[in-house]
file query14.txt (compact mmCIF, C-alpha atoms and all ligand atoms)
# COMPACT_ATOMS: atom_id res chain seq x y z
CA MET A 1 0.00 0.00 0.00
CA THR A 2 1.31 3.40 -0.90
CA ALA A 3 0.40 6.40 1.24
CA PRO A 4 -2.68 8.26 -0.02
CA LEU A 5 -1.95 11.30 -2.13
CA ARG A 6 -2.26 14.73 -0.62
CA ARG A 7 -5.59 16.14 -1.78
CA ILE A 8 -5.81 19.89 -2.35
CA ALA A 9 -9.17 21.18 -3.60
CA VAL A 10 -8.83 24.55 -5.29
CA GLU A 11 -12.32 26.00 -5.96
CA GLU A 12 -13.88 26.02 -2.54
CA ALA A 13 -16.35 28.75 -1.71
CA PHE A 14 -16.79 30.63 1.56
CA SER A 15 -18.44 33.80 2.74
CA ILE A 16 -18.41 36.07 5.76
CA PRO A 17 -21.49 37.45 7.54
CA GLU A 18 -20.83 41.02 6.38
CA VAL A 19 -20.79 40.04 2.70
CA ALA A 20 -23.84 37.82 3.19
CA ALA A 21 -25.68 40.77 4.77
CA ALA A 22 -24.70 43.06 1.90
CA LEU A 23 -25.95 40.46 -0.60
CA GLN A 24 -29.21 40.24 1.32
CA ARG A 25 -29.58 44.01 0.78
CA VAL A 26 -28.92 43.45 -2.95
CA ALA A 27 -31.51 40.65 -2.89
CA ARG A 28 -34.13 43.02 -1.47
CA GLY A 29 -33.30 45.81 -3.89
CA PRO A 30 -34.49 46.41 -7.44
CA GLY A 31 -32.74 45.39 -10.62
CA ASP A 32 -32.84 42.57 -13.12
CA SER A 33 -29.34 41.20 -12.99
CA LEU A 34 -29.41 37.52 -13.87
CA ASP A 35 -27.58 36.87 -10.57
CA LEU A 36 -30.62 38.00 -8.60
CA PRO A 37 -32.68 34.77 -8.61
CA LEU A 38 -29.77 32.91 -6.99
CA VAL A 39 -28.79 35.77 -4.67
CA ARG A 40 -32.41 36.12 -3.53
CA GLY A 41 -32.55 32.42 -2.79
CA ILE A 42 -29.23 31.94 -1.01
CA TYR A 43 -29.13 35.25 0.92
CA ASP A 44 -32.79 36.02 1.45
CA GLY A 45 -34.41 32.60 1.58
CA ALA A 46 -36.44 32.92 -1.63
CA PRO A 47 -37.86 29.62 -2.91
CA GLY A 48 -35.56 27.54 -5.07
CA TYR A 49 -31.99 28.05 -3.95
CA GLY A 50 -33.32 29.05 -0.55
CA SER A 51 -33.99 25.38 0.21
CA MET A 52 -30.42 24.27 -0.46
CA ASN A 53 -28.84 25.52 2.78
CA PHE A 54 -25.77 26.74 0.90
CA LEU A 55 -25.33 29.74 3.20
CA GLU A 56 -24.58 27.58 6.21
CA GLY A 57 -21.93 25.69 4.24
CA LEU A 58 -20.39 28.96 3.07
CA LEU A 59 -20.14 30.49 6.53
CA ASP A 60 -19.19 27.50 8.70
CA ILE A 61 -15.56 27.07 7.78
CA GLU A 62 -13.77 25.75 10.83
CA GLY A 63 -16.57 23.44 12.04
CA ARG A 64 -18.69 21.56 9.56
CA ARG A 65 -16.34 22.08 6.63
CA LEU A 66 -13.23 20.83 8.42
CA ARG A 67 -15.17 17.80 9.64
CA GLU A 68 -16.27 16.99 6.09
CA MET A 69 -12.71 17.41 4.87
CA ASP A 70 -11.51 14.99 7.56
CA GLU A 71 -14.24 12.52 6.77
CA HIS A 72 -13.33 12.36 3.08
CA GLY A 73 -9.56 12.72 3.29
CA VAL A 74 -9.35 16.23 1.86
CA ASP A 75 -6.08 17.67 3.14
CA MET A 76 -6.56 21.26 2.08
CA GLN A 77 -9.14 23.57 0.57
CA VAL A 78 -8.10 26.70 -1.30
CA LEU A 79 -10.89 29.08 -0.26
CA SER A 80 -12.41 31.86 -2.33
CA LEU A 81 -15.16 34.35 -1.51
CA THR A 82 -18.19 32.93 -3.26
CA ALA A 83 -19.80 34.33 -6.41
CA PRO A 84 -20.75 37.05 -7.15
CA GLY A 85 -18.09 38.18 -4.67
CA VAL A 86 -18.21 41.93 -4.16
CA GLN A 87 -19.05 42.65 -7.77
CA MET A 88 -22.71 43.65 -7.27
CA PHE A 89 -21.88 46.39 -4.73
CA ASP A 90 -21.00 50.05 -5.21
CA ALA A 91 -17.25 50.64 -5.48
CA ASP A 92 -16.65 51.80 -1.90
CA THR A 93 -18.62 48.97 -0.33
CA ALA A 94 -16.92 46.51 -2.66
CA CYS A 95 -13.40 47.68 -1.76
CA GLU A 96 -14.18 47.61 1.94
CA LEU A 97 -15.76 44.15 1.91
CA ALA A 98 -13.05 42.65 -0.29
CA ALA A 99 -10.41 43.83 2.20
CA LEU A 100 -12.44 42.51 5.13
CA ALA A 101 -12.93 39.13 3.45
CA ASN A 102 -9.21 38.94 2.72
CA ASP A 103 -8.36 39.76 6.35
CA ARG A 104 -10.72 37.06 7.62
CA LEU A 105 -9.34 34.59 5.11
CA ALA A 106 -5.79 35.27 6.29
CA GLU A 107 -6.90 34.74 9.90
CA ILE A 108 -8.50 31.38 9.07
CA ILE A 109 -5.38 30.28 7.22
CA ALA A 110 -3.19 31.39 10.15
CA ARG A 111 -5.24 29.17 12.48
CA HIS A 112 -5.15 26.18 10.07
CA PRO A 113 -2.10 26.62 7.84
CA THR A 114 -2.06 23.00 6.68
CA ARG A 115 -5.81 22.86 5.98
CA PHE A 116 -6.62 26.10 4.21
CA ALA A 117 -5.09 28.39 1.63
CA GLY A 118 -6.96 31.21 -0.04
CA LEU A 119 -7.52 33.39 -3.07
CA ALA A 120 -7.83 37.12 -2.53
CA SER A 121 -10.86 39.12 -3.58
CA PHE A 122 -10.75 42.61 -5.01
CA ALA A 123 -13.21 45.15 -6.39
CA PRO A 124 -12.89 45.52 -10.17
CA GLN A 125 -15.27 48.51 -9.86
CA ALA A 126 -12.19 50.49 -8.72
CA PRO A 127 -9.27 49.08 -10.73
CA LYS A 128 -6.46 51.10 -9.11
CA ARG A 129 -7.65 50.32 -5.60
CA ALA A 130 -8.09 46.72 -6.68
CA ALA A 131 -4.44 46.63 -7.72
CA GLN A 132 -3.44 47.98 -4.30
CA GLU A 133 -5.56 45.37 -2.54
CA ILE A 134 -3.97 42.66 -4.68
CA GLU A 135 -0.54 43.86 -3.61
CA ARG A 136 -1.59 43.93 0.07
CA ALA A 137 -3.26 40.53 -0.08
CA ILE A 138 -0.32 38.80 -1.74
CA THR A 139 2.64 40.49 -0.07
CA ARG A 140 1.27 41.23 3.41
CA LEU A 141 -1.52 38.68 3.92
CA LYS A 142 0.38 36.03 1.93
CA LEU A 143 -2.75 34.86 0.16
CA ASN A 144 -2.19 32.34 -2.63
CA GLY A 145 -3.77 33.89 -5.71
CA LEU A 146 -6.80 35.87 -6.83
CA VAL A 147 -10.44 35.31 -7.65
CA VAL A 148 -12.77 37.34 -9.82
CA ASN A 149 -16.36 36.41 -10.61
CA SER A 150 -16.34 37.10 -14.34
CA HIS A 151 -17.94 40.32 -15.62
CA THR A 152 -18.30 43.53 -13.61
CA ASN A 153 -21.25 45.67 -14.64
CA GLY A 154 -21.21 43.89 -17.99
CA GLU A 155 -17.53 44.58 -18.67
CA TYR A 156 -14.72 42.08 -19.10
CA LEU A 157 -11.03 42.07 -18.25
CA ASP A 158 -9.93 42.69 -21.84
CA ASP A 159 -11.11 46.29 -21.28
CA PRO A 160 -7.98 48.46 -20.75
CA LYS A 161 -9.62 50.09 -17.72
CA TYR A 162 -9.02 46.80 -15.87
CA TRP A 163 -5.39 46.41 -16.91
CA PRO A 164 -4.04 47.68 -13.54
CA ILE A 165 -5.56 44.48 -12.11
CA LEU A 166 -3.88 42.27 -14.70
CA GLU A 167 -0.62 44.12 -14.23
CA ALA A 168 -0.71 43.56 -10.47
CA ALA A 169 -1.63 39.90 -10.86
CA GLU A 170 1.24 39.34 -13.26
CA ALA A 171 3.73 41.33 -11.18
CA HIS A 172 2.93 39.29 -8.06
CA ASP A 173 2.79 35.96 -9.88
CA ALA A 174 -0.77 35.63 -8.57
CA CYS A 175 -2.90 33.25 -10.60
CA LEU A 176 -6.31 34.78 -11.30
CA TYR A 177 -9.20 32.32 -10.96
CA ILE A 178 -12.05 33.48 -13.17
CA HIS A 179 -15.03 32.01 -11.36
CA PRO A 180 -18.52 32.26 -12.85
CA ARG A 181 -21.38 34.51 -12.01
CA ALA A 182 -24.58 34.70 -14.06
CA PRO A 183 -24.28 36.03 -17.61
CA SER A 184 -24.03 39.79 -18.07
CA ASP A 185 -27.01 41.84 -19.30
CA GLY A 186 -25.55 41.65 -22.81
CA LEU A 187 -25.63 37.86 -22.77
CA LYS A 188 -28.57 36.95 -20.65
CA GLY A 189 -31.60 37.05 -22.97
CA ALA A 190 -31.98 33.38 -23.84
CA LEU A 191 -30.56 32.24 -20.50
CA ARG A 192 -33.34 33.54 -18.26
CA ASP A 193 -35.55 30.48 -18.49
CA TYR A 194 -35.60 26.89 -17.27
CA GLY A 195 -32.86 27.38 -14.65
CA MET A 196 -30.27 28.05 -17.36
CA ASP A 197 -29.00 31.20 -15.64
CA ALA A 198 -26.50 29.57 -13.29
CA ALA A 199 -24.33 26.49 -12.90
CA MET A 200 -26.28 24.32 -15.36
CA TRP A 201 -25.32 26.39 -18.42
CA GLY A 202 -25.16 30.17 -17.99
CA TYR A 203 -21.99 30.14 -15.86
CA GLY A 204 -20.05 28.33 -18.55
CA VAL A 205 -21.33 30.61 -21.32
CA GLU A 206 -20.33 33.64 -19.25
CA VAL A 207 -16.82 32.54 -18.26
CA GLY A 208 -16.07 30.86 -21.58
CA THR A 209 -16.96 34.11 -23.32
CA HIS A 210 -14.78 36.02 -20.86
CA ALA A 211 -11.77 33.77 -21.51
CA VAL A 212 -12.20 33.95 -25.29
CA ARG A 213 -12.47 37.77 -25.14
CA MET A 214 -9.18 37.88 -23.29
CA MET A 215 -7.39 35.59 -25.75
CA VAL A 216 -8.79 37.14 -28.93
CA SER A 217 -8.23 40.73 -27.81
CA GLY A 218 -4.49 40.17 -27.39
CA VAL A 219 -4.39 40.82 -23.65
CA PHE A 220 -1.80 38.07 -23.25
CA ASP A 221 0.65 39.88 -25.54
CA ARG A 222 0.52 42.73 -23.07
CA PHE A 223 0.70 40.41 -20.01
CA PRO A 224 2.56 37.32 -21.21
CA LYS A 225 3.11 35.90 -17.73
CA LEU A 226 -0.47 36.34 -16.53
CA LYS A 227 -1.94 33.02 -15.32
CA ILE A 228 -5.68 32.43 -15.50
CA CYS A 229 -7.44 29.49 -13.88
CA LEU A 230 -10.80 28.28 -15.23
CA GLY A 231 -12.97 25.89 -13.24
CA HIS A 232 -15.63 23.44 -14.38
CA MET A 233 -13.25 21.55 -16.67
CA GLY A 234 -12.01 24.71 -18.30
CA GLU A 235 -15.59 25.86 -18.95
CA ALA A 236 -15.13 23.70 -22.08
CA VAL A 237 -12.97 26.34 -23.80
CA HIS A 238 -10.17 23.87 -24.61
CA PHE A 239 -12.65 21.63 -26.42
CA TRP A 240 -12.96 24.51 -28.91
CA LEU A 241 -9.28 25.31 -29.47
CA TRP A 242 -9.08 23.84 -32.95
CA ARG A 243 -12.03 25.89 -34.18
CA LEU A 244 -10.94 28.98 -32.25
CA ASN A 245 -7.57 28.78 -33.98
CA PHE A 246 -9.03 28.23 -37.42
CA MET A 247 -11.69 30.92 -37.22
CA ASN A 248 -9.56 33.44 -35.35
CA SER A 249 -6.78 33.18 -37.90
CA ARG A 250 -9.37 33.75 -40.63
CA ALA A 251 -10.84 36.68 -38.66
CA GLN A 252 -7.37 38.18 -38.25
CA LYS A 253 -6.78 37.85 -42.00
CA ILE A 254 -9.95 39.72 -42.92
CA GLY A 255 -9.53 42.34 -40.22
CA ARG A 256 -12.26 41.22 -37.83
CA SER A 257 -9.97 40.20 -34.94
CA PRO A 258 -6.86 42.04 -33.74
CA LYS A 259 -3.49 40.64 -34.78
CA THR A 260 -1.92 38.60 -32.02
CA GLU A 261 1.58 37.24 -31.47
CA LEU A 262 0.41 33.71 -30.66
CA THR A 263 -2.47 31.51 -31.69
CA MET A 264 -5.45 31.02 -29.39
CA ALA A 265 -4.32 27.47 -28.59
CA GLU A 266 -0.85 28.78 -27.71
CA TYR A 267 -2.33 31.34 -25.33
CA PHE A 268 -4.49 28.72 -23.70
CA GLN A 269 -1.51 26.43 -23.24
CA ARG A 270 0.76 29.19 -21.92
CA ASN A 271 -1.58 31.34 -19.85
CA PHE A 272 -4.30 29.03 -18.53
CA VAL A 273 -4.77 26.16 -16.17
CA ILE A 274 -8.09 24.43 -15.57
CA THR A 275 -9.76 22.63 -12.70
CA THR A 276 -12.15 19.71 -12.47
CA SER A 277 -14.70 21.46 -10.22
CA GLY A 278 -18.20 20.15 -10.70
CA VAL A 279 -17.39 17.94 -13.72
CA GLU A 280 -16.94 14.33 -12.75
CA ASP A 281 -16.74 12.94 -16.26
CA PRO A 282 -13.77 10.61 -16.89
CA LEU A 283 -13.82 11.23 -20.65
CA ALA A 284 -13.70 15.01 -20.19
CA LEU A 285 -10.79 14.56 -17.78
CA GLU A 286 -8.95 12.28 -20.21
CA TYR A 287 -9.36 14.78 -23.03
CA SER A 288 -8.20 17.63 -20.79
CA VAL A 289 -5.06 15.83 -19.66
CA LYS A 290 -4.22 14.77 -23.22
CA LYS A 291 -4.90 18.20 -24.67
CA LEU A 292 -3.34 20.42 -22.01
CA GLY A 293 -0.93 18.10 -20.19
CA ALA A 294 -1.19 16.83 -16.62
CA ASP A 295 0.69 19.92 -15.42
CA ASN A 296 -2.28 22.13 -16.27
CA VAL A 297 -5.22 20.36 -14.66
CA LEU A 298 -6.04 20.80 -10.96
CA TRP A 299 -8.55 19.02 -8.78
CA ALA A 300 -11.44 20.86 -7.12
CA ILE A 301 -14.69 20.01 -5.38
CA ASP A 302 -16.72 23.26 -5.60
CA TYR A 303 -17.72 23.00 -1.94
CA PRO A 304 -20.42 23.57 -0.70
CA TYR A 305 -22.23 23.58 -4.05
CA GLN A 306 -21.06 20.09 -4.96
CA PRO A 307 -20.73 17.12 -2.60
CA THR A 308 -17.25 16.10 -1.47
CA ALA A 309 -17.46 12.30 -1.58
CA PRO A 310 -18.07 11.91 -5.33
CA ALA A 311 -15.40 14.50 -6.18
CA VAL A 312 -12.86 12.43 -4.22
CA ALA A 313 -14.15 9.14 -5.63
CA PHE A 314 -13.93 10.53 -9.17
CA MET A 315 -10.28 11.48 -8.88
CA ASP A 316 -9.32 8.38 -6.87
CA ALA A 317 -10.77 6.22 -9.63
CA ALA A 318 -9.40 8.23 -12.57
CA PRO A 319 -7.26 6.01 -14.81
CA LEU A 320 -4.11 8.14 -14.63
CA SER A 321 -0.48 7.30 -13.90
CA PRO A 322 0.43 7.81 -10.23
CA GLU A 323 2.58 10.74 -11.27
CA ASP A 324 -0.19 12.47 -13.21
CA LYS A 325 -2.63 11.88 -10.38
CA ALA A 326 -0.23 13.46 -7.91
CA LYS A 327 0.05 16.49 -10.18
CA ILE A 328 -3.72 16.91 -10.45
CA TYR A 329 -4.43 16.19 -6.78
CA HIS A 330 -1.77 18.46 -5.30
CA ARG A 331 1.49 19.25 -7.10
CA ASN A 332 0.00 21.65 -9.64
CA ALA A 333 -1.91 23.44 -6.87
CA GLU A 334 1.31 23.74 -4.87
CA ARG A 335 3.09 25.26 -7.86
CA ILE A 336 0.32 27.52 -9.22
CA PHE A 337 -0.93 28.74 -5.83
CA HIS A 338 2.40 28.77 -3.99
CA ILE A 339 1.40 26.25 -1.35
CA ALA A 340 4.14 24.77 0.86
C1 LIG B 1 -23.93 26.86 -7.63
C2 LIG B 1 -22.61 26.67 -8.00
C3 LIG B 1 -24.31 28.06 -7.06
C4 LIG B 1 -21.71 27.68 -7.79
C5 LIG B 1 -23.38 29.05 -6.86
O1 LIG B 1 -23.81 30.17 -6.29
C6 LIG B 1 -22.09 28.87 -7.22
C7 LIG B 1 -24.88 25.78 -7.82
C8 LIG B 1 -22.97 31.27 -6.18
O2 LIG B 1 -24.45 24.62 -7.93
O3 LIG B 1 -26.08 26.04 -7.87
C9 LIG B 1 -20.29 27.50 -8.17
O4 LIG B 1 -19.45 28.11 -7.54
O5 LIG B 1 -19.98 26.72 -9.07
MN MN B 2 -17.49 27.37 -7.66
call {"tool": "encode", "arguments": {"input": "query14.txt", "output": "structure tokens"}}
result
Amino acid sequence: MTAPLRRIAVEEAFSIPEVAAALQRVARGPGDSLDLPLVRGIYDGAPGYGSMNFLEGLLDIEGRRLREMDEHGVDMQVLSLTAPGVQMFDADTACELAALANDRLAEIIARHPTRFAGLASFAPQAPKRAAQEIERAITRLKLNGLVVNSHTNGEYLDDPKYWPILEAAEAHDACLYIHPRAPSDGLKGALRDYGMDAAMWGYGVEVGTHAVRMMVSGVFDRFPKLKICLGHMGEAVHFWLWRLNFMNSRAQKIGRSPKTELTMAEYFQRNFVITTSGVEDPLALEYSVKKLGADNVLWAIDYPYQPTAPAVAFMDAAPLSPEDKAKIYHRNAERIFHIA
């Protein structure tokens, strides 16, 4: 018998009471953001998501969560403030709550340094202050990377106004996890119905679109060392690389896409890693490892939104070499997120 592999889960959601209270205020306010049905359920008990008890799982970090980790042999969770993060608040509130969440996260990690690591939040609504918070969170709080919940007020990170954030992420070697939120107003029309707004489909459409915008716009020529992490088996973007390459090179030729130094597949290979969160499909995993290499796939549970036991069983059973499994279970996380 060989010793079990260290298991580090990298897309694990938490919240703090202050952010939950602010989201409850958003839930009770007006607006027709596609995030509202979920926010109203989780933070204000509206029917639907309100019955799932997610909030308790988000807030109880050192009790119930640690017990579940123990029970299923999860050594470490890399925590991130859950979607939509601070991105539905006004800029001042968002900056304040991101800093507070980062402080709390650092305190939790200090109490359990072998069990938790964490990704820092920031407020894209105020890009320069976001860059300062990134610097503080990485250098002073020693957090392990960054999380952003896709669009902010319908805008994406290819927009030059957000480049101070990308510059800070690159300068601090802080991998930026682009986690989903519901599709922006510009995307949401056909996604309003049948529960398609969130994790079933809308999240992937939103983040996949975000990632493609970044690649096609040439952002990675400007920030060649920027690392982006995509959950949910890469939000399927790497399944499209052949067509992205073909059609983008055509679009560049006829002047519809900006000229770029590398192909879309080369950007994805150089600047992205993906995680398995919420996709327990052996064939999708096999494709991902073959396409991207075992160095670029990380394991995740998506706690508390997905159950822990099947996420562990899925990776335990995956037909991979011991070396590749060690990479996916922990070594890549240690490298990408600077975990000892
Ligand atoms: C769900 C998944 C809901 C995620 C979420 O609310 C987030 C869900 C913010 O399974 O319904 C997620 O992080 O993937
Ligand atoms: Mn998640």
call {"tool": "closest_atom_pairs", "arguments": {"input": "query14.txt", "of": "range 132-161 of chain A", "to": "range 185-208 of chain A", "cutoff": "8 Å", "atoms": "only C-alpha atoms", "output": "Markdown table"}}
result
| residue | atom | partner | partner_atom | distance |
| --- | --- | --- | --- | --- |
| A:Ser150 | CA | A:Val207 | CA | 6.0 |
| A:His151 | CA | A:Glu206 | CA | 8.0 |
| A:Gly154 | CA | A:Asp185 | CA | 6.3 |
call {"tool": "residues_near_ligand", "arguments": {"input": "query14.txt", "ligand": "ligand LIG 1 (chain B)", "cutoff": "9 Å", "atoms": "only C-alpha atoms and all ligand atoms", "output": "number ranges by chain"}}
result
A: 11-13, 35, 38-39, 42, 49, 52, 54, 82-85, 179-182, 198-200, 203, 231-232, 277-278, 302-306
call {"tool": "closest_residue", "arguments": {"input": "query14.txt", "among": "A:Tyr267, A:Phe14, A:Tyr43, A:Tyr287", "to": "ligand MN 2 (chain B)", "atoms": "all atoms listed in the file"}}
result
A:Phe14
call {"tool": "closest_residue", "arguments": {"input": "query14.txt", "among": "A:Ala168, A:Val78, A:Ile339, A:Leu66", "to": "ligand MN 2 (chain B)", "atoms": "all atoms listed in the file"}}
result
A:Val78
call {"tool": "residues_around", "arguments": {"input": "query14.txt", "residues": "range 292-295 of chain A", "least_positions_apart": "5", "cutoff": "7 Å", "atoms": "only C-alpha atoms", "output": "count of residues only"}}
result
5
call {"tool": "atom_distance", "arguments": {"input": "query14.txt", "atom1": "CA of Ser80 in chain A", "atom2": "CA of Ala265 in chain A"}}
result
27.8 Å
call {"tool": "residues_around", "arguments": {"input": "query14.txt", "residues": "Trp163 in chain A", "least_positions_apart": "5", "cutoff": "12 Å", "atoms": "only C-alpha atoms", "output": "PDB file with C-alpha atoms, keeping the file's coordinate frame"}}
result
ATOM      1  CA  PRO A 124     -12.890  45.520 -10.170  1.00  0.00           C
ATOM      2  CA  ALA A 126     -12.190  50.490  -8.720  1.00  0.00           C
ATOM      3  CA  PRO A 127      -9.270  49.080 -10.730  1.00  0.00           C
ATOM      4  CA  LYS A 128      -6.460  51.100  -9.110  1.00  0.00           C
ATOM      5  CA  ALA A 130      -8.090  46.720  -6.680  1.00  0.00           C
ATOM      6  CA  ALA A 131      -4.440  46.630  -7.720  1.00  0.00           C
ATOM      7  CA  TYR A 156     -14.720  42.080 -19.100  1.00  0.00           C
ATOM      8  CA  LEU A 157     -11.030  42.070 -18.250  1.00  0.00           C
ATOM      9  CA  ASP A 158      -9.930  42.690 -21.840  1.00  0.00           C
ATOM     10  CA  ALA A 168      -0.710  43.560 -10.470  1.00  0.00           C
ATOM     11  CA  ALA A 169      -1.630  39.900 -10.860  1.00  0.00           C
ATOM     12  CA  GLU A 170       1.240  39.340 -13.260  1.00  0.00           C
ATOM     13  CA  ALA A 171       3.730  41.330 -11.180  1.00  0.00           C
ATOM     14  CA  MET A 214      -9.180  37.880 -23.290  1.00  0.00           C
ATOM     15  CA  VAL A 219      -4.390  40.820 -23.650  1.00  0.00           C
ATOM     16  CA  PHE A 220      -1.800  38.070 -23.250  1.00  0.00           C
ATOM     17  CA  ARG A 222       0.520  42.730 -23.070  1.00  0.00           C
ATOM     18  CA  PHE A 223       0.700  40.410 -20.010  1.00  0.00           C
ATOM     19  CA  LEU A 226      -0.470  36.340 -16.530  1.00  0.00           C
TER      20      LEU A 226
END
call {"tool": "closest_residue", "arguments": {"input": "query14.txt", "among": "A:Leu141, A:Val237, A:Val273, A:Ala300", "to": "ligand MN 2 (chain B)", "atoms": "only C-alpha atoms and all ligand atoms"}}
result
A:Ala300
call {"tool": "closest_residue", "arguments": {"input": "query14.txt", "among": "A:Lys227, A:Arg111, A:Lys291, A:Arg129", "to": "Ala174 in chain A", "atoms": "all atoms listed in the file"}}
result
A:Lys227
call {"tool": "closest_residue", "arguments": {"input": "query14.txt", "among": "A:Val279, A:Val19, A:Val212, A:Pro258", "to": "ligand MN 2 (chain B)", "atoms": "all atoms listed in the file"}}
result
A:Val279
call {"tool": "build_atoms", "arguments": {"input": "query14.txt", "residues": "range 46-62 of chain A", "atoms": "N, CA and C atoms", "output": "compact mmCIF listing (two decimals), in the frame of the given file"}}
result
# COMPACT_ATOMS: atom_id res chain seq x y z
N ALA A 46 -35.39 33.08 -0.62
CA ALA A 46 -36.44 32.92 -1.63
C ALA A 46 -36.52 31.47 -2.08
N PRO A 47 -37.71 31.02 -2.51
CA PRO A 47 -37.86 29.62 -2.91
C PRO A 47 -36.87 29.25 -4.01
N GLY A 48 -36.56 27.98 -4.09
CA GLY A 48 -35.56 27.54 -5.07
C GLY A 48 -34.25 27.32 -4.34
N TYR A 49 -33.29 28.17 -4.62
CA TYR A 49 -31.99 28.05 -3.95
C TYR A 49 -32.10 28.17 -2.43
N GLY A 50 -33.15 28.87 -1.98
CA GLY A 50 -33.32 29.05 -0.55
C GLY A 50 -33.41 27.73 0.22
N SER A 51 -33.81 26.67 -0.47
CA SER A 51 -33.99 25.38 0.21
C SER A 51 -32.69 24.57 0.26
N MET A 52 -31.64 25.08 -0.33
CA MET A 52 -30.42 24.27 -0.46
C MET A 52 -29.46 24.40 0.72
N ASN A 53 -29.70 25.37 1.61
CA ASN A 53 -28.84 25.52 2.78
C ASN A 53 -27.38 25.82 2.44
N PHE A 54 -27.15 26.43 1.29
CA PHE A 54 -25.77 26.74 0.90
C PHE A 54 -25.11 27.73 1.85
N LEU A 55 -25.92 28.67 2.39
CA LEU A 55 -25.33 29.74 3.20
C LEU A 55 -24.60 29.18 4.42
N GLU A 56 -25.22 28.19 5.05
CA GLU A 56 -24.58 27.58 6.21
C GLU A 56 -23.23 26.96 5.82
N GLY A 57 -23.19 26.29 4.70
CA GLY A 57 -21.93 25.69 4.24
C GLY A 57 -20.89 26.73 3.89
N LEU A 58 -21.34 27.89 3.43
CA LEU A 58 -20.39 28.96 3.07
C LEU A 58 -19.77 29.61 4.30
N LEU A 59 -20.58 29.73 5.36
CA LEU A 59 -20.14 30.49 6.53
C LEU A 59 -19.42 29.63 7.58
N ASP A 60 -19.77 28.36 7.66
CA ASP A 60 -19.19 27.50 8.70
C ASP A 60 -17.92 26.85 8.17
N ILE A 61 -16.81 27.50 8.40
CA ILE A 61 -15.56 27.07 7.78
C ILE A 61 -14.76 26.14 8.69
N GLU A 62 -14.66 26.52 9.96
CA GLU A 62 -13.77 25.75 10.83
C GLU A 62 -14.49 24.62 11.57
